[in-house]
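Visitor: Before we start, here is the structure in question, set down as structure tokens.
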Amino acid sequence: MAGLDLTIPHLKLNHGNSTGMPMLGYGTGTAWYKTGEESKTDQAVIDSVKIAIQLGYTHLDGAEMYKTESELGTAIKESGAAREKLFVTTKVDKPNMHDIEGALKTSLKKLQLDYVDLYLIHQPFFTESEADLQKTWATMEAIQQSGLAKSIGVSNYLPAHLNAILKTAKIVPACNQIEFHPYLQRTELLALHKQHGIATAAFGPLTAGTKAKPGPVDDYVSRLVKKYAVSENEIYLRWCIDQDIVPITTSSKEQRLSDYLRAATFKLTPAEIKEINRLGQQKHFRGFWQKYFGENDRT
Ligand SMILES: NC(=O)C1=CN([C@@H]2O[C@H](COP(=O)(O)OP(=O)(O)OC[C@H]3O[C@@H](n4cnc5c(N)ncnc54)[C@H](O)[C@@H]3O)[C@@H](O)[C@H]2O)C=CC1
Ligand SMILES: O=CCc1c[nH]c2ccccc12
């Protein structure tokens, strides 16, 4: 298993997996999102996940919504990687919110696993009330106690959603997986995460260099590209890691997956992080779930 010893830093979680969360995730949504029948196996997903594991990715991000959990499971099995070396996340989708435990059992079957390292509520946007959010979180707590998930958390939660569940939670969410990049810095949300020891995982971490160009960070990031002899992508991934935020990226291209790992080989200085933050705040861009936010909403 070449690559599994590559030194990707880990972020300790407030409960669950004792080795923590590897600070670079490989995602099986976006590029791999299945639009057709879930039952039709997508061999490209299996092949790419196996390549990612070979290269050294141990953090694998899935979701019921992506319809690729079976491919993820097959790839894990065929990779031969030891279960305890991997950190596997999946997420419950809206239609199964009434039976979260049943949804997780179905996901585990597709993943061919006995447990996931992290189970997330994919999004809060359809939840009717504070009482609903609290009731759902209590179900997640029971799931963690059953051992089917080492850690439990949420995704796309805003301060109001987190504050609602924290009023009654016995277990604080281990993680909130959110869109995060220089043009969406989520300052208020991150402060709340810090206050409660909730880890931040970032989806869309490459957005400033892919979907949101041109922008105010471009020239400065180009200078850092030369200084560290890496690509823009690795600067954006490292900018997350150096702020204790776990980036989750993906690609169908092996070369890109290999290049992203260079984010584990250098560190940005505090002044460089501050400058990307300052420049990034001059633009606002949201790539996912836009219909649930106002045009200029930066929460
Ligand atoms: N919880 C949630 O609601 C969400 C979770 N996710 C998770 O995060 C993962 C990563 O999300 P992404 O937005 O894809 O992350 P990302 O911002 O890292 O973008 C990765 C994409 O950028 C492309 N890319 C990289 N370099 C490029 C270049 N130079 N030119 C053009 N394209 C380039 C890659 O091929 C890949 O498709 C997903 O697979 C999924 O697992 C994603 C969206 C929502
Ligand atoms: O987890 C991500 C869910 C999501 C929301 N919007 C899109 C668009 C394309 C792929 C995935 C997603």
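Residues in the structure tokens are numbered from 1 in each chain, the chains being A, B, ... in the order shown, and ligands are numbered from 1 in the order shown.
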Return as a PyMOL selection string every polymer residue, whether protein, DNA or RNA, with at least one atom no more than 6 Å from an atom of ligand 2; count only C-alpha atoms and all ligand atoms.

Guide: chain A and resi 29-30+33+288-289

Visitor: Report as a PyMOL selection string which protein, DNA and RNA residues come within 7 Å of ligand 1, using only C-alpha atoms and all ligand atoms.

Guide: chain A and resi 26-32+61-62+122-123+155-156+177-179+203-207+210+233+248-253+256+288

Visitor: Please report, as a tab-separated table (two decimals) with N, CA and C atoms, in the first residue's frame, each residue of range 98-192 of chain A to which DSSP assigns alpha helix (DSSP H) when run on this structure's backbone.

Guide:
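Written out: states-v3.tsv:
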chain	number	residue	atom	x	y	z
A	100	ILE	N	-33.21	8.03	10.70
A	100	ILE	CA	-31.77	8.24	10.50
A	100	ILE	C	-30.99	6.95	10.75
A	101	GLU	N	-31.40	6.20	11.75
A	101	GLU	CA	-30.68	4.96	12.04
A	101	GLU	C	-30.81	3.97	10.86
A	102	GLY	N	-32.02	3.89	10.31
A	102	GLY	CA	-32.25	3.02	9.14
A	102	GLY	C	-31.40	3.50	7.96
A	103	ALA	N	-31.32	4.81	7.79
A	103	ALA	CA	-30.52	5.37	6.69
A	103	ALA	C	-29.05	4.99	6.86
A	104	LEU	N	-28.55	5.11	8.09
A	104	LEU	CA	-27.14	4.78	8.32
A	104	LEU	C	-26.89	3.29	8.07
A	105	LYS	N	-27.81	2.46	8.52
A	105	LYS	CA	-27.62	1.01	8.29
A	105	LYS	C	-27.57	0.70	6.79
A	106	THR	N	-28.42	1.37	6.01
A	106	THR	CA	-28.39	1.18	4.55
A	106	THR	C	-27.06	1.68	3.98
A	107	SER	N	-26.60	2.83	4.46
A	107	SER	CA	-25.32	3.37	3.98
A	107	SER	C	-24.19	2.40	4.32
A	108	LEU	N	-24.20	1.87	5.54
A	108	LEU	CA	-23.12	0.96	5.96
A	108	LEU	C	-23.09	-0.29	5.08
A	109	LYS	N	-24.27	-0.75	4.72
A	109	LYS	CA	-24.35	-1.92	3.85
A	109	LYS	C	-23.69	-1.60	2.49
A	110	LYS	N	-24.03	-0.45	1.95
A	110	LYS	CA	-23.43	-0.06	0.66
A	110	LYS	C	-21.92	0.13	0.80
A	111	LEU	N	-21.52	0.68	1.93
A	111	LEU	CA	-20.08	0.95	2.15
A	111	LEU	C	-19.31	-0.32	2.55
A	130	GLU	N	-37.11	24.59	15.64
A	130	GLU	CA	-36.03	24.34	16.60
A	130	GLU	C	-36.23	22.97	17.25
A	131	ALA	N	-37.47	22.64	17.58
A	131	ALA	CA	-37.76	21.34	18.21
A	131	ALA	C	-37.37	20.18	17.30
A	132	ASP	N	-37.59	20.37	16.00
A	132	ASP	CA	-37.21	19.35	15.00
A	132	ASP	C	-35.71	19.15	14.98
A	133	LEU	N	-34.97	20.26	14.97
A	133	LEU	CA	-33.50	20.19	14.95
A	133	LEU	C	-33.02	19.44	16.20
A	134	GLN	N	-33.64	19.74	17.34
A	134	GLN	CA	-33.21	19.14	18.61
A	134	GLN	C	-33.54	17.65	18.64
A	135	LYS	N	-34.72	17.30	18.14
A	135	LYS	CA	-35.14	15.90	18.13
A	135	LYS	C	-34.20	15.08	17.22
A	136	THR	N	-33.90	15.65	16.08
A	136	THR	CA	-33.01	14.97	15.14
A	136	THR	C	-31.64	14.76	15.75
A	137	TRP	N	-31.16	15.78	16.47
A	137	TRP	CA	-29.83	15.65	17.08
A	137	TRP	C	-29.83	14.56	18.16
A	138	ALA	N	-30.91	14.46	18.90
A	138	ALA	CA	-31.01	13.40	19.92
A	138	ALA	C	-30.90	12.02	19.26
A	139	THR	N	-31.48	11.87	18.07
A	139	THR	CA	-31.36	10.60	17.33
A	139	THR	C	-29.91	10.35	16.95
A	140	MET	N	-29.23	11.39	16.52
A	140	MET	CA	-27.81	11.24	16.17
A	140	MET	C	-27.00	10.81	17.41
A	141	GLU	N	-27.34	11.37	18.56
A	141	GLU	CA	-26.62	11.00	19.79
A	141	GLU	C	-26.79	9.51	20.09
A	142	ALA	N	-28.00	9.01	19.88
A	142	ALA	CA	-28.26	7.58	20.12
A	142	ALA	C	-27.45	6.73	19.14
A	143	ILE	N	-27.30	7.24	17.92
A	143	ILE	CA	-26.52	6.51	16.91
A	143	ILE	C	-25.06	6.42	17.32
A	144	GLN	N	-24.54	7.52	17.83
A	144	GLN	CA	-23.14	7.45	18.28
A	144	GLN	C	-23.01	6.42	19.41
A	145	GLN	N	-23.97	6.45	20.33
A	145	GLN	CA	-23.89	5.51	21.45
A	145	GLN	C	-23.99	4.05	20.98
A	146	SER	N	-24.68	3.82	19.87
A	146	SER	CA	-24.80	2.45	19.35
A	146	SER	C	-23.51	1.96	18.72
A	159	PRO	N	-25.18	29.52	12.38
A	159	PRO	CA	-25.18	29.74	13.83
A	159	PRO	C	-26.54	29.46	14.48
A	160	ALA	N	-27.62	29.86	13.83
A	160	ALA	CA	-28.95	29.65	14.45
A	160	ALA	C	-29.25	28.16	14.63
A	161	HIS	N	-28.87	27.34	13.63
A	161	HIS	CA	-29.11	25.90	13.73
A	161	HIS	C	-28.25	25.29	14.85
A	162	LEU	N	-26.99	25.69	14.89
A	162	LEU	CA	-26.10	25.14	15.93
A	162	LEU	C	-26.58	25.57	17.31
A	163	ASN	N	-26.92	26.84	17.44
A	163	ASN	CA	-27.37	27.32	18.76
A	163	ASN	C	-28.62	26.57	19.21
A	164	ALA	N	-29.48	26.24	18.26
A	164	ALA	CA	-30.71	25.49	18.63
A	164	ALA	C	-30.35	24.13	19.18
A	165	ILE	N	-29.47	23.38	18.51
A	165	ILE	CA	-29.19	22.03	19.01
A	165	ILE	C	-28.32	22.06	20.26
A	166	LEU	N	-27.48	23.08	20.38
A	166	LEU	CA	-26.61	23.14	21.56
A	166	LEU	C	-27.41	23.37	22.85
A	187	THR	N	-16.86	34.06	9.19
A	187	THR	CA	-16.21	34.49	10.44
A	187	THR	C	-17.03	34.20	11.69
A	188	GLU	N	-18.31	34.53	11.65
A	188	GLU	CA	-19.16	34.35	12.84
A	188	GLU	C	-19.33	32.86	13.16
A	189	LEU	N	-19.54	32.07	12.10
A	189	LEU	CA	-19.73	30.62	12.27
A	189	LEU	C	-18.47	29.97	12.84
A	190	LEU	N	-17.32	30.36	12.30
A	190	LEU	CA	-16.06	29.78	12.78
A	190	LEU	C	-15.81	30.12	14.25
A	191	ALA	N	-16.19	31.32	14.65
A	191	ALA	CA	-16.01	31.71	16.06
A	191	ALA	C	-16.88	30.82	16.95
A	192	LEU	N	-18.07	30.52	16.49
A	192	LEU	CA	-18.97	29.64	17.26
A	192	LEU	C	-18.39	28.21	17.34

Visitor: May I have the residues within 12 Å of range 269-280 of chain A as number ranges by chain, using only C-alpha atoms and disregarding those fewer than 5 positions away in the same chain?

Guide: A: 180-187, 207-209, 212-225, 227-228, 235-244, 285

Visitor: Restricting it to N, CA and C atoms, dump the selection as an mmCIF file, in the first residue's frame.

Guide:
data_model
loop_
_atom_site.group_PDB
_atom_site.id
_atom_site.type_symbol
_atom_site.label_atom_id
_atom_site.label_comp_id
_atom_site.auth_asym_id
_atom_site.auth_seq_id
_atom_site.Cartn_x
_atom_site.Cartn_y
_atom_site.Cartn_z
ATOM 1 N N PHE A 180 -16.312 26.706 2.369
ATOM 2 C CA PHE A 180 -15.339 27.632 2.951
ATOM 3 C C PHE A 180 -14.177 27.833 1.980
ATOM 4 N N HIS A 181 -13.873 29.095 1.702
ATOM 5 C CA HIS A 181 -12.741 29.457 0.823
ATOM 6 C C HIS A 181 -12.528 30.956 1.015
ATOM 7 N N PRO A 182 -11.518 31.547 0.389
ATOM 8 C CA PRO A 182 -11.247 32.970 0.669
ATOM 9 C C PRO A 182 -12.431 33.901 0.422
ATOM 10 N N TYR A 183 -13.353 33.516 -0.490
ATOM 11 C CA TYR A 183 -14.490 34.402 -0.762
ATOM 12 C C TYR A 183 -15.728 34.048 0.056
ATOM 13 N N LEU A 184 -15.567 33.140 1.002
ATOM 14 C CA LEU A 184 -16.668 32.787 1.915
ATOM 15 C C LEU A 184 -16.017 32.329 3.223
ATOM 16 N N GLN A 185 -15.668 33.304 4.060
ATOM 17 C CA GLN A 185 -14.819 33.012 5.223
ATOM 18 C C GLN A 185 -15.578 32.702 6.504
ATOM 19 N N ARG A 186 -16.866 32.897 6.528
ATOM 20 C CA ARG A 186 -17.742 32.427 7.611
ATOM 21 C C ARG A 186 -17.254 32.820 9.015
ATOM 22 N N THR A 187 -16.859 34.062 9.190
ATOM 23 C CA THR A 187 -16.210 34.488 10.440
ATOM 24 C C THR A 187 -17.032 34.198 11.692
ATOM 25 N N THR A 207 -12.441 26.885 -4.640
ATOM 26 C CA THR A 207 -13.352 27.767 -5.374
ATOM 27 C C THR A 207 -12.705 29.054 -5.886
ATOM 28 N N ALA A 208 -11.848 29.695 -5.071
ATOM 29 C CA ALA A 208 -11.277 30.988 -5.492
ATOM 30 C C ALA A 208 -10.424 30.829 -6.750
ATOM 31 N N GLY A 209 -9.852 29.646 -6.944
ATOM 32 C CA GLY A 209 -8.988 29.435 -8.108
ATOM 33 C C GLY A 209 -9.673 28.711 -9.244
ATOM 34 N N ALA A 212 -14.435 30.988 -9.096
ATOM 35 C CA ALA A 212 -14.675 32.403 -8.757
ATOM 36 C C ALA A 212 -13.605 33.343 -9.304
ATOM 37 N N LYS A 213 -12.919 32.934 -10.325
ATOM 38 C CA LYS A 213 -11.891 33.793 -10.934
ATOM 39 C C LYS A 213 -12.498 34.754 -11.948
ATOM 40 N N PRO A 214 -11.992 35.935 -12.226
ATOM 41 C CA PRO A 214 -10.868 36.544 -11.536
ATOM 42 C C PRO A 214 -11.296 37.111 -10.197
ATOM 43 N N GLY A 215 -10.315 37.334 -9.317
ATOM 44 C CA GLY A 215 -10.663 37.866 -8.000
ATOM 45 C C GLY A 215 -9.476 38.494 -7.311
ATOM 46 N N PRO A 216 -9.742 39.170 -6.202
ATOM 47 C CA PRO A 216 -8.693 39.947 -5.526
ATOM 48 C C PRO A 216 -7.543 39.143 -4.919
ATOM 49 N N VAL A 217 -7.698 37.824 -4.765
ATOM 50 C CA VAL A 217 -6.568 37.070 -4.191
ATOM 51 C C VAL A 217 -5.612 36.562 -5.290
ATOM 52 N N ASP A 218 -6.025 36.665 -6.567
ATOM 53 C CA ASP A 218 -5.267 35.994 -7.647
ATOM 54 C C ASP A 218 -3.774 36.352 -7.669
ATOM 55 N N ASP A 219 -3.461 37.664 -7.666
ATOM 56 C CA ASP A 219 -2.051 38.068 -7.832
ATOM 57 C C ASP A 219 -1.225 37.624 -6.634
ATOM 58 N N TYR A 220 -1.798 37.798 -5.449
ATOM 59 C CA TYR A 220 -1.038 37.434 -4.243
ATOM 60 C C TYR A 220 -0.796 35.918 -4.205
ATOM 61 N N VAL A 221 -1.821 35.143 -4.548
ATOM 62 C CA VAL A 221 -1.675 33.680 -4.548
ATOM 63 C C VAL A 221 -0.646 33.261 -5.609
ATOM 64 N N SER A 222 -0.585 33.970 -6.742
ATOM 65 C CA SER A 222 0.435 33.671 -7.764
ATOM 66 C C SER A 222 1.839 33.837 -7.192
ATOM 67 N N ARG A 223 2.004 34.852 -6.345
ATOM 68 C CA ARG A 223 3.335 35.045 -5.727
ATOM 69 C C ARG A 223 3.662 33.871 -4.815
ATOM 70 N N LEU A 224 2.668 33.395 -4.073
ATOM 71 C CA LEU A 224 2.903 32.269 -3.152
ATOM 72 C C LEU A 224 3.170 30.978 -3.934
ATOM 73 N N VAL A 225 2.538 30.866 -5.094
ATOM 74 C CA VAL A 225 2.764 29.697 -5.964
ATOM 75 C C VAL A 225 4.250 29.615 -6.319
ATOM 76 N N LYS A 227 6.773 31.138 -4.672
ATOM 77 C CA LYS A 227 7.577 30.972 -3.451
ATOM 78 C C LYS A 227 7.629 29.507 -3.009
ATOM 79 N N TYR A 228 6.481 28.820 -3.019
ATOM 80 C CA TYR A 228 6.434 27.456 -2.474
ATOM 81 C C TYR A 228 6.534 26.373 -3.560
ATOM 82 N N ILE A 235 -2.064 26.000 -2.433
ATOM 83 C CA ILE A 235 -2.061 27.189 -1.560
ATOM 84 C C ILE A 235 -3.424 27.280 -0.860
ATOM 85 N N TYR A 236 -4.509 27.050 -1.626
ATOM 86 C CA TYR A 236 -5.844 27.148 -1.016
ATOM 87 C C TYR A 236 -6.079 26.034 0.003
ATOM 88 N N LEU A 237 -5.562 24.844 -0.282
ATOM 89 C CA LEU A 237 -5.734 23.738 0.683
ATOM 90 C C LEU A 237 -4.938 24.038 1.959
ATOM 91 N N ARG A 238 -3.718 24.534 1.765
ATOM 92 C CA ARG A 238 -2.863 24.805 2.941
ATOM 93 C C ARG A 238 -3.423 25.972 3.761
ATOM 94 N N TRP A 239 -4.026 26.929 3.074
ATOM 95 C CA TRP A 239 -4.646 28.069 3.772
ATOM 96 C C TRP A 239 -5.726 27.557 4.731
ATOM 97 N N CYS A 240 -6.431 26.505 4.347
ATOM 98 C CA CYS A 240 -7.402 25.879 5.273
ATOM 99 C C CYS A 240 -6.655 25.184 6.415
ATOM 100 N N ILE A 241 -5.735 24.305 6.057
ATOM 101 C CA ILE A 241 -5.048 23.475 7.063
ATOM 102 C C ILE A 241 -4.388 24.362 8.116
ATOM 103 N N ASP A 242 -3.751 25.447 7.678
ATOM 104 C CA ASP A 242 -3.048 26.324 8.628
ATOM 105 C C ASP A 242 -4.004 27.109 9.519
ATOM 106 N N GLN A 243 -5.299 27.040 9.225
ATOM 107 C CA GLN A 243 -6.297 27.652 10.126
ATOM 108 C C GLN A 243 -7.097 26.568 10.854
ATOM 109 N N ASP A 244 -6.516 25.337 10.896
ATOM 110 C CA ASP A 244 -7.157 24.195 11.582
ATOM 111 C C ASP A 244 -8.496 23.824 10.953
ATOM 112 N N PHE A 285 -18.529 35.055 -2.763
ATOM 113 C CA PHE A 285 -18.956 34.052 -3.747
ATOM 114 C C PHE A 285 -19.421 32.807 -3.016
#

Visitor: List the spatial neighbours of range 43-53 of chain A as a ChimeraX atom specification - criterion: any atom at most 8 Å away, only C-alpha atoms, same-chain residues fewer than 4 positions off excluded.

Guide: /A:3-4,26,28,32,57-58,68,71-72,74-76,78-79,81,252,254,257

Visitor: Could you write out the selected residues, including N, CA and C atoms, as a CSV table (one decimal), in the first residue's frame?

Guide:
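As a result, selection_5.csv now contains:
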chain,number,residue,atom,x,y,z
A,3,GLY,N,2.1,4.9,-0.1
A,3,GLY,CA,1.4,6.2,0.2
A,3,GLY,C,0.7,6.2,1.5
A,4,LEU,N,0.3,5.1,2.1
A,4,LEU,CA,-0.6,5.2,3.3
A,4,LEU,C,0.2,5.8,4.5
A,26,TYR,N,-10.8,13.4,0.6
A,26,TYR,CA,-11.2,13.1,-0.9
A,26,TYR,C,-12.7,13.0,-0.9
A,28,THR,N,-16.5,12.3,-2.7
A,28,THR,CA,-17.1,11.5,-3.7
A,28,THR,C,-18.5,12.1,-4.2
A,32,TRP,N,-18.2,13.4,-8.8
A,32,TRP,CA,-18.7,12.1,-8.9
A,32,TRP,C,-20.1,11.9,-8.6
A,57,TYR,N,-4.5,9.2,0.4
A,57,TYR,CA,-5.7,9.8,1.0
A,57,TYR,C,-6.3,8.8,2.0
A,58,THR,N,-6.5,9.2,3.2
A,58,THR,CA,-7.2,8.2,4.1
A,58,THR,C,-8.5,8.8,4.6
A,68,THR,N,-23.2,7.4,-4.6
A,68,THR,CA,-21.9,6.7,-4.9
A,68,THR,C,-21.3,5.9,-3.7
A,71,GLU,N,-20.0,2.4,-4.7
A,71,GLU,CA,-18.7,2.5,-5.3
A,71,GLU,C,-17.6,2.8,-4.3
A,72,LEU,N,-17.9,3.7,-3.3
A,72,LEU,CA,-16.9,4.0,-2.3
A,72,LEU,C,-16.6,2.7,-1.5
A,74,THR,N,-16.9,-0.5,-2.5
A,74,THR,CA,-16.2,-1.4,-3.3
A,74,THR,C,-14.7,-1.0,-3.4
A,75,ALA,N,-14.5,0.3,-3.6
A,75,ALA,CA,-13.1,0.8,-3.7
A,75,ALA,C,-12.3,0.5,-2.4
A,76,ILE,N,-13.0,0.8,-1.2
A,76,ILE,CA,-12.3,0.6,0.0
A,76,ILE,C,-11.9,-0.9,0.2
A,78,GLU,N,-11.6,-3.2,-2.2
A,78,GLU,CA,-10.6,-3.6,-3.2
A,78,GLU,C,-9.2,-3.0,-3.0
A,79,SER,N,-9.2,-1.9,-2.3
A,79,SER,CA,-7.9,-1.2,-2.0
A,79,SER,C,-7.0,-2.0,-1.0
A,81,ALA,N,-6.9,-1.5,2.0
A,81,ALA,CA,-6.4,-0.7,3.2
A,81,ALA,C,-7.1,-1.2,4.5
A,252,SER,N,-11.1,14.0,-10.8
A,252,SER,CA,-11.1,12.8,-11.6
A,252,SER,C,-9.7,12.6,-12.2
A,254,GLU,N,-5.8,11.9,-11.9
A,254,GLU,CA,-4.8,11.4,-10.9
A,254,GLU,C,-3.7,12.4,-10.6
A,257,LEU,N,-4.9,14.8,-8.1
A,257,LEU,CA,-5.0,14.2,-6.7
A,257,LEU,C,-3.6,14.1,-6.1

Visitor: Considering only C-alpha atoms, return as number ranges by chain whatever protein or nucleic-acid residues lie within 8 Å of Ser151 in chain A, sequence-local ones (same chain, fewer than 5 positions apart) excluded.

Guide: A: 15-17, 117-119, 144, 174

Visitor: What would the file look like if the residues just selected were written as a short mmCIF file (atom, residue, chain, number, x, y, z; two decimals), in the first residue's frame with C-alpha atoms?

Guide:
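File out-v3.cif, as written:
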data_model
loop_
_atom_site.label_atom_id
_atom_site.label_comp_id
_atom_site.auth_asym_id
_atom_site.auth_seq_id
_atom_site.Cartn_x
_atom_site.Cartn_y
_atom_site.Cartn_z
CA HIS A 15 -15.14 12.84 20.68
CA GLY A 16 -14.85 9.64 18.67
CA ASN A 17 -11.90 8.45 16.57
CA ASP A 117 -15.89 7.50 11.51
CA LEU A 118 -18.20 10.46 11.08
CA TYR A 119 -21.93 10.64 10.34
CA GLN A 144 -23.14 7.45 18.28
CA ALA A 174 -17.80 16.86 16.34
#

Visitor: Quote the spacing between CA of Ala63 in chain A and CA of Leu120 in chain A in Å to one decimal place.

Guide: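 Answer for the CA of Ala63 in chain A to CA of Leu120 in chain A separation: 8.6 Å.
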
Visitor: CA of Thr200 in chain A and CA of His10 in chain A are how many Å apart?

Guide: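 Taking CA of Thr200 in chain A as the start and CA of His10 in chain A as the end point, the length is 12.6 Å.
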
Visitor: Please determine, counting only C-alpha atoms, which residue among A:Ser129, A:Lys34, A:Arg83, A:Leu24 has the shortest atom-to-atom distance to Glu64 in chain A.

Guide: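 Residue with the minimum atom-to-atom distance to Glu64 in chain A: A:Lys34.
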
Visitor: Which neighbours of Gly36 in chain A fall inside 12 Å, counting only C-alpha atoms, when residues of the same chain fewer than 4 positions from it are skipped, and could you give them as an NGL selection string?

Guide: :A and (32 or 40-42 or 65-68)

Visitor: Mind checking DSSP for range 147-178 of chain A and telling me the strand (DSSP E or B) residues as a ChimeraX atom specification?

Guide: /A:149-155,175-178

Visitor: Hey, which of A:Arg262, A:His284, A:Lys291, A:His59 ends up closest to Phe87 in chain A? Count only C-alpha atoms.

Guide: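 Of all the options, A:His59 lies closest to Phe87 in chain A.
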
Visitor: Here is a test: counting only C-alpha atoms, which residue of A:Asp114, A:Glu128, A:Asp259, A:Glu38 is nearest to Lys94 in chain A?

Guide: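 Of all the options, A:Glu128 lies closest to Lys94 in chain A.
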
Visitor: Considering only C-alpha atoms, can you say which of A:Gly80, A:Gly287, A:Pro95, A:Gly73 comes closest to Leu113 in chain A?

Guide: A:Gly73

Visitor: Could you please determine the separation between CA of Asn96 in chain A and CA of Pro124 in chain A in Å, to one decimal place?

Guide: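 Straight-line distance from CA of Asn96 in chain A to CA of Pro124 in chain A works out to 13.0 Å.
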